[in-house]
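The block underneath contains the structure these notes are about, expressed in structure tokens.
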Amino acid sequence: MSENKSAEMYQVWQQDKDHYIHPWTDFSTFKETGSIVVEDSDNVHITDGDGNQYLDGIGGLWCVNIGYAREEMAQAIAEQIMKVPYYSCFGHHTTVPAAKLAAKIAELAPGNLNHVFYGCGGSVANDTAVRIIHFYFNQLGKKSKKKIISRIDGYHGSTYMAMSITGVKFDHIGFDIDEQLVHHISCPNPYRRPESQSIEDFCDEKVQELENKILELGPDNVAAFFAEPIMGAGGVIVPPKGYHKRTLDVCRKYGVLYVSDEVVTAFGRLGHMFASKDEFDIVPDIITCAKGLTSGYLPLGATILSDDIYEVISKPQAEGALFTHGFTYSGHPVSCAAGLKNIEIMERENLCGHVQEIGSYFEEQLKTLMDLPIVGDVRGKKFMVCVENVANKESKELIDPEAQVGNRIADHCQKRGLIVRPLAHMNILSPPLTLSKDNVDFLVSTLRESIVETMKDLKQDGYL
Ligand code: PMP
């Protein structure tokens, strides 16, 4: 924080530094610099405690889909609080928003995914999927079917199980994960495939790898395959065409359930309510979602099950077992009211249509950055994009990780009024879906300027 902050903001900054353990934080730098206090927001902008305004190129954390500070959201939330601020949905009670939102999600979700279990976010939605899958196979008498397969660089959350399913190796350093239950196959990142390999051969190889892994572990031991439609936190990786359909076929062949982690992609980010069907033409067995479900206004996640799975878990249980899974805040009425209002706004304003249009322009404009000497790849779809920086565009060799190129670019952007997310040598963009064409122009020109400045710094510091 700068010298001109108000006394109150200075106190907040100090309290935060002294007492708040931030998630996903490099404490060594945090202890020196503290935080930027986000004090105000409006549509696509946030304002810090010094009064500086930024275009939020990352939508909070891929989640503020309808934009910041919507009055009608505040009203819907306040009205629900004054009616029923909380009631437990354990057993045979419900609330109006929990029931209405479940029906709305079922209407929007593809195929026969008609049954919704609520939690408080994406990690819990994935943990819930694992518990339900295990329960499901137990009920079918297939008790050995327990193992989960996921991908290197997939991200599925930060609870113990969700982090075990996550395949971002960096995130596992210093922590333990469940290596008995979870098995990773390689990442279908076309940019990093061998130069001589065609995209079709690359896809064949990745699909075959899943089949081989199922056979190696034994189909009777494999319960589910977890995959994001586009891998987000692993670097916005769009798999080759046909990959999802073909991996789903492999799963079906061996009775392995396909879980599509749509925590980032659902509710508009790719211009669809759900990307599995509309972007990738698959109907998975389970979809997990969170983030865009309430646009981050309140915590809420959902695990959406097919009729077939619901049928099995809701039958009279063997050995007198009950479906003993749930949280105090499962189906929290205020979060569900926020979810309903959020979807109402998205539909009324045709935000998916807006993303189709402006998202295409955004992709196009970002691709123009490819003329910069360190920009090796610009990839992603619509409002989920990544810029990958390299030392050599031919060999795709990386810049020394010590240079922290993603951080440097993000810092330059921030000085110019733009927030982008650094991820090692990459920068990620996932703006609110209300982004205008003018916002896109500002974002892309600011990012260009920041990359150019970063190249100068890197040269000066001997990294280029
Ligand atoms: N899955 C994916 C694909 C995610 O990107 C995230 C969060 N970024 C999660 C799961 C975890 O969600 P949460 O942080 O809400 O627990």
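Quick note on naming: the chains in the structure tokens go A, B, ... in the order shown, residues restart at 1 in each chain, and ligands are numbered from 1 in order of appearance.
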
Taking the chain letters and numbering used in this document, name the residues of range 58-155 of chain A that DSSP puts in strand (DSSP E), as an NGL selection string.
-> :A and (113-119 or 147-151)

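Near ligand 1, at a distance of at most 6 Å and with only C-alpha atoms and all ligand atoms counted, sit the residues Gly121, Gly122, Ser123, Tyr155, His156, Gly157, Glu228, Gly232, Ala233, Asp261, Val263 and Val264 of chain A.
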
What lies within 12 Å of Glu195 in chain A using only C-alpha atoms, ignoring chain neighbours under 4 positions off, as a PyMOL selection string?
-> chain A and resi 190-191+199+201-202+394-396

Compile the contact shell of Met346 in chain A as a ChimeraX atom specification: residues with an atom at most 9 Å away, counting only C-alpha atoms, same-chain residues fewer than 6 positions apart removed.
-> /A:65-66,267-268,352

What's the 12 Å shell around Asp461 in chain A, counting only C-alpha atoms, without same-chain residues fewer than 6 positions away, as a ChimeraX atom specification?
-> /A:400,402-405,454-455

Would you please work out which residue, of A:Asn350, A:Gln75, A:Ser35, A:Ser314, is nearest to Tyr10 in chain A when using only C-alpha atoms?
->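 Of A:Asn350, A:Gln75, A:Ser35, A:Ser314, the one nearest Tyr10 in chain A is A:Ser35, counting only C-alpha atoms.
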
Using DSSP on the backbone coordinates, identify the residues of range 211-429 of chain A assigned to alpha helix (DSSP H); present them as a PyMOL selection string.
-> chain A and resi 211-217+243-253+275-278+307-313+333-348+351-367+405-415

Spatial neighbours of His184 in chain A, 10 Å, only C-alpha atoms, chain gap at least 6 places, as a list in words =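 After dropping sequence-adjacent residues, the list is Ile148, Ile149, Ser150, Arg151, Ile152, Asp153, Gly154, Ser164, Ile165, Thr166, Gly167, Leu210, Lys213, Phe225 and Phe226 of chain A.
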
If we count only C-alpha atoms, what is near Thr368 in chain A at a cut-off of 12 Å, once residues fewer than 3 positions away on the same chain are taken out, given as a VMD selection string?
-> chain A and resid 361 to 365 371 to 373 375 to 379 387 441 444 to 445 447 to 448
